[in-house]
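As provided, input30.cif (mmCIF, C-alpha atoms) reads as follows.
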```cif
data_target
loop_
_atom_site.label_atom_id
_atom_site.label_comp_id
_atom_site.auth_asym_id
_atom_site.auth_seq_id
_atom_site.Cartn_x
_atom_site.Cartn_y
_atom_site.Cartn_z
CA MET A 159 10.83 11.97 -4.10
CA SER A 160 11.63 11.88 -0.43
CA GLN A 161 9.16 9.25 0.78
CA LYS A 162 10.20 5.63 0.68
CA VAL A 163 7.28 3.44 -0.41
CA ALA A 164 6.68 -0.29 0.12
CA PHE A 165 3.96 -2.61 -1.12
CA VAL A 166 2.34 -5.57 0.61
CA GLY A 167 0.34 -7.56 -1.91
CA VAL A 168 2.03 -7.46 -5.31
CA GLY A 169 -0.41 -9.38 -7.44
CA ARG A 170 -1.54 -7.78 -10.67
CA MET A 171 -2.87 -4.57 -9.09
CA GLY A 172 -0.20 -4.00 -6.45
CA ALA A 173 2.69 -4.83 -8.79
CA ASN A 174 1.44 -2.44 -11.44
CA MET A 175 0.86 0.32 -8.90
CA ALA A 176 4.46 -0.16 -7.70
CA ARG A 177 5.79 -0.15 -11.26
CA HIS A 178 3.97 3.06 -12.09
CA LEU A 179 5.12 4.86 -8.97
CA GLN A 180 8.78 3.97 -9.45
CA LEU A 181 9.28 3.67 -13.20
CA ASP A 182 6.97 6.45 -14.36
CA CYS A 183 6.83 8.85 -11.41
CA GLY A 184 10.23 8.48 -9.75
CA HIS A 185 9.02 7.39 -6.32
CA ASP A 186 11.42 5.20 -4.34
CA VAL A 187 9.80 1.77 -3.98
CA THR A 188 12.12 0.23 -1.42
CA ALA A 189 10.43 -3.06 -0.48
CA VAL A 190 7.77 -5.56 -1.52
CA TYR A 191 6.09 -8.50 0.19
CA ASP A 192 3.63 -11.11 -0.99
CA ILE A 193 2.65 -14.60 0.04
CA ASN A 194 3.50 -15.50 -3.56
CA LYS A 195 7.26 -15.35 -3.04
CA GLU A 196 8.03 -15.85 -6.74
CA ALA A 197 5.93 -12.85 -7.79
CA ALA A 198 7.46 -10.70 -5.05
CA GLY A 199 10.97 -11.77 -6.04
CA GLU A 200 10.45 -10.96 -9.70
CA LEU A 201 9.00 -7.52 -8.93
CA ALA A 202 11.73 -6.76 -6.38
CA GLU A 203 14.38 -7.58 -8.97
CA GLU A 204 12.65 -5.48 -11.63
CA LEU A 205 12.43 -2.44 -9.34
CA GLY A 206 15.64 -2.91 -7.39
CA ALA A 207 13.61 -3.20 -4.18
CA ALA A 208 14.06 -5.49 -1.21
CA ASN A 209 12.04 -8.71 -1.36
CA CYS A 210 11.10 -8.96 2.30
CA ASP A 211 10.47 -12.26 4.03
CA LYS A 212 9.04 -10.52 7.09
CA LEU A 213 6.31 -7.93 7.35
CA GLY A 214 8.24 -6.06 10.04
CA ASP A 215 11.05 -5.60 7.51
CA VAL A 216 8.59 -3.99 5.08
CA THR A 217 7.58 -1.44 7.72
CA ALA A 218 11.22 -0.75 8.57
CA ALA A 219 12.11 -0.17 4.91
CA ALA A 220 9.53 2.53 4.11
CA ASP A 221 7.76 5.67 5.19
CA VAL A 222 4.55 4.71 3.37
CA ILE A 223 3.29 1.15 3.15
CA ILE A 224 0.59 0.47 0.56
CA THR A 225 -1.40 -2.69 1.14
CA VAL A 226 -3.25 -4.35 -1.73
CA VAL A 227 -4.59 -7.62 -0.30
CA THR A 228 -7.68 -9.56 -1.30
CA ASN A 229 -9.86 -9.97 1.77
CA ASP A 230 -10.44 -9.37 5.48
CA ASP A 231 -8.50 -12.46 6.56
CA ALA A 232 -5.44 -11.40 4.56
CA MET A 233 -5.63 -7.90 6.05
CA ARG A 234 -5.90 -9.23 9.59
CA ALA A 235 -2.95 -11.55 8.95
CA ILE A 236 -0.63 -8.72 7.85
CA PHE A 237 -1.67 -6.38 10.68
CA PHE A 238 -2.27 -8.80 13.54
CA GLY A 239 -0.16 -11.87 12.72
CA GLU A 240 1.47 -13.50 15.74
CA GLY A 241 5.20 -12.72 15.89
CA ASP A 242 5.46 -10.81 12.59
CA ASN A 243 3.19 -8.05 11.33
CA LEU A 244 3.20 -4.59 9.81
CA LEU A 245 2.63 -2.87 13.15
CA GLN A 246 6.11 -3.72 14.43
CA GLY A 247 8.01 -0.43 14.47
CA ALA A 248 5.06 1.36 12.85
CA GLY A 249 5.38 4.63 14.78
CA GLY A 250 5.63 7.53 12.34
CA LYS A 251 4.78 5.39 9.29
CA THR A 252 1.76 5.77 7.01
CA PHE A 253 -0.38 2.89 5.80
CA ILE A 254 -2.55 3.32 2.72
CA ASN A 255 -4.86 0.33 2.59
CA CYS A 256 -6.04 -0.23 -0.97
CA ALA A 257 -7.62 -3.58 -0.25
CA THR A 258 -11.01 -5.06 -0.98
CA LEU A 259 -12.30 -5.27 2.57
CA SER A 260 -15.35 -4.95 4.74
CA PRO A 261 -15.76 -1.61 6.53
CA GLY A 262 -15.10 -3.43 9.82
CA ALA A 263 -11.70 -4.71 8.68
CA HIS A 264 -10.72 -1.22 7.51
CA ARG A 265 -11.71 0.19 10.92
CA GLU A 266 -9.70 -2.50 12.73
CA ALA A 267 -6.60 -1.68 10.66
CA TYR A 268 -7.13 2.05 11.20
CA GLU A 269 -7.51 1.73 14.97
CA ALA A 270 -4.54 -0.63 15.30
CA GLY A 271 -2.35 1.63 13.18
CA LYS A 272 -3.27 4.69 15.22
CA ALA A 273 -2.59 2.78 18.46
CA ALA A 274 0.87 1.92 17.09
CA GLY A 275 1.57 5.59 16.32
CA ALA A 276 1.04 5.34 12.55
CA ASP A 277 -1.15 7.27 10.15
CA VAL A 278 -3.70 5.26 8.20
CA LEU A 279 -5.72 5.98 5.07
CA GLU A 280 -8.33 3.80 3.42
CA GLY A 281 -7.93 3.78 -0.34
CA ALA A 282 -10.88 2.18 -2.09
CA MET A 283 -10.16 1.54 -5.78
CA ALA A 284 -12.53 1.21 -8.70
CA SER A 285 -10.34 0.41 -11.67
CA SER A 286 -8.57 -2.29 -13.67
CA ILE A 287 -5.04 -3.64 -13.89
CA SER A 288 -4.18 -1.43 -16.88
CA HIS A 289 -5.34 1.61 -14.91
CA ALA A 290 -2.97 0.62 -12.10
CA ARG A 291 -0.02 0.46 -14.50
CA GLU A 292 -0.91 3.78 -16.13
CA GLY A 293 -1.65 5.68 -12.92
CA ASN A 294 -5.30 6.05 -13.89
CA LEU A 295 -6.96 4.55 -10.83
CA TYR A 296 -10.20 5.91 -9.43
CA LEU A 297 -9.32 6.28 -5.75
CA MET A 298 -11.67 7.15 -2.93
CA ILE A 299 -9.67 8.03 0.18
CA GLY A 300 -10.92 7.93 3.74
CA GLY A 301 -9.00 9.20 6.75
CA GLU A 302 -7.72 12.34 8.37
CA GLU A 303 -7.45 15.35 6.05
CA GLY A 304 -3.90 16.20 7.18
CA VAL A 305 -2.68 12.68 6.41
CA PHE A 306 -4.40 12.85 3.03
CA GLU A 307 -2.73 16.19 2.22
CA LYS A 308 0.68 14.88 3.33
CA ASN A 309 0.33 11.99 0.84
CA LYS A 310 -1.55 13.78 -1.93
CA VAL A 311 1.35 13.79 -4.43
CA LEU A 312 1.70 10.02 -4.12
CA LEU A 313 -2.07 9.50 -4.36
CA ASP A 314 -2.33 11.84 -7.36
CA ASP A 315 0.42 9.88 -9.09
CA LEU A 316 -1.64 6.69 -8.67
CA SER A 317 -4.92 8.12 -9.82
CA LEU A 318 -6.75 9.84 -12.61
CA ASN A 319 -9.67 10.62 -10.35
CA LEU A 320 -8.98 11.14 -6.65
CA ARG A 321 -11.80 11.65 -4.19
#
```
Could I get this structure in the form of structure tokens?
Amino acid sequence: MSQKVAFVGVGRMGANMARHLQLDCGHDVTAVYDINKEAAGELAEELGAANCDKLGDVTAAADVIITVVTNDDAMRAIFFGEGDNLLQGAGGKTFINCATLSPGAHREAYEAGKAAGADVLEGAMASSISHAREGNLYLMIGGEEGVFEKNKVLLDDLSLNLR
């Protein structure tokens, strides 16, 4: 696979999505980041990925950055954090935000990503941890059709039912 993929938020869902993409589908997961440094370190070692200390390093290490964070505040922190955030060097990158967020937070991330020259998709999930590991997520994607089509192989590999 030609796209380099990184994950921000590697709790149970994000870690299992990353495992599935790399171990089962052959995608190149190049970097991970989580506020739980121990979890990120263990997953990075398992996958042979970089365990990034800075969000800007995550963006630099990948073409596609998948975010799996837990709430609006966490999303704002990774996109708008003072001094270090995912938008540093984001031109030409794609963000797929699979986070449990309010519509307003998704719009903020979308608009900020576009302003930084990145593509952004919203990826709402309705599934469990085992579905993430098996690539059987139910994904509902919002965003521009061309960006969706460009990332369809990756999204299909994550999901059993893609909308």
(request) With a distance cut-off of 12 Å and all atoms listed in the file, select the neighbouring residues of Ala263 in chain A, excluding the residue or stretch itself and same-chain residues fewer than 2 positions from it, and output the selection as number ranges by chain. (result) A: 227-238, 255, 257-261, 265-270, 280
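Near Gly304 in chain A, within 12 Å and counting only C-alpha atoms, sit A:Thr252, A:Asp277, A:Val278, A:Leu279, A:Gly300, A:Gly301, A:Glu307, A:Lys308, A:Asn309, A:Lys310, not including residues fewer than 3 positions from it in the same chain.
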Please, could you write that set of residues out with C-alpha atoms as a compact mmCIF listing (two decimals), in the frame of the given file?
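out.txt was written with the following content:
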```
# COMPACT_ATOMS: atom_id res chain seq x y z
CA THR A 252 1.76 5.77 7.01
CA ASP A 277 -1.15 7.27 10.15
CA VAL A 278 -3.70 5.26 8.20
CA LEU A 279 -5.72 5.98 5.07
CA GLY A 300 -10.92 7.93 3.74
CA GLY A 301 -9.00 9.20 6.75
CA GLU A 307 -2.73 16.19 2.22
CA LYS A 308 0.68 14.88 3.33
CA ASN A 309 0.33 11.99 0.84
CA LYS A 310 -1.55 13.78 -1.93
```
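Within the file as shown, the PyMOL selection byres ((chain A and resi 169) around 9) identifies Gly167, Val168, Arg170, Met171, Gly172, Ala173, Asn174, Asp192, Asn194, Ala197, Ala198, Val226 and Val227 of chain A.
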Selection above as a file: C-alpha atoms, as a PDB file, in the coordinates of the input:
```
ATOM      1  CA  GLY A 167       0.340  -7.560  -1.910  1.00  0.00           C
ATOM      2  CA  VAL A 168       2.030  -7.460  -5.310  1.00  0.00           C
ATOM      3  CA  ARG A 170      -1.540  -7.780 -10.670  1.00  0.00           C
ATOM      4  CA  MET A 171      -2.870  -4.570  -9.090  1.00  0.00           C
ATOM      5  CA  GLY A 172      -0.200  -4.000  -6.450  1.00  0.00           C
ATOM      6  CA  ALA A 173       2.690  -4.830  -8.790  1.00  0.00           C
ATOM      7  CA  ASN A 174       1.440  -2.440 -11.440  1.00  0.00           C
ATOM      8  CA  ASP A 192       3.630 -11.110  -0.990  1.00  0.00           C
ATOM      9  CA  ASN A 194       3.500 -15.500  -3.560  1.00  0.00           C
ATOM     10  CA  ALA A 197       5.930 -12.850  -7.790  1.00  0.00           C
ATOM     11  CA  ALA A 198       7.460 -10.700  -5.050  1.00  0.00           C
ATOM     12  CA  VAL A 226      -3.250  -4.350  -1.730  1.00  0.00           C
ATOM     13  CA  VAL A 227      -4.590  -7.620  -0.300  1.00  0.00           C
TER      14      VAL A 227
END
```
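Considering the residues A:Thr225, A:Phe165, A:Leu181, A:Ala248 and counting only C-alpha atoms, Asn209 in chain A has its shortest atom-to-atom contact with A:Phe165.
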(request) Tell me which of A:Asp211, A:Ala274, A:His264, A:Val187 sits closest to Gly249 in chain A, counting only C-alpha atoms. (result)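 Checking each candidate against Gly249 in chain A, we get A:Ala274 as the closest.
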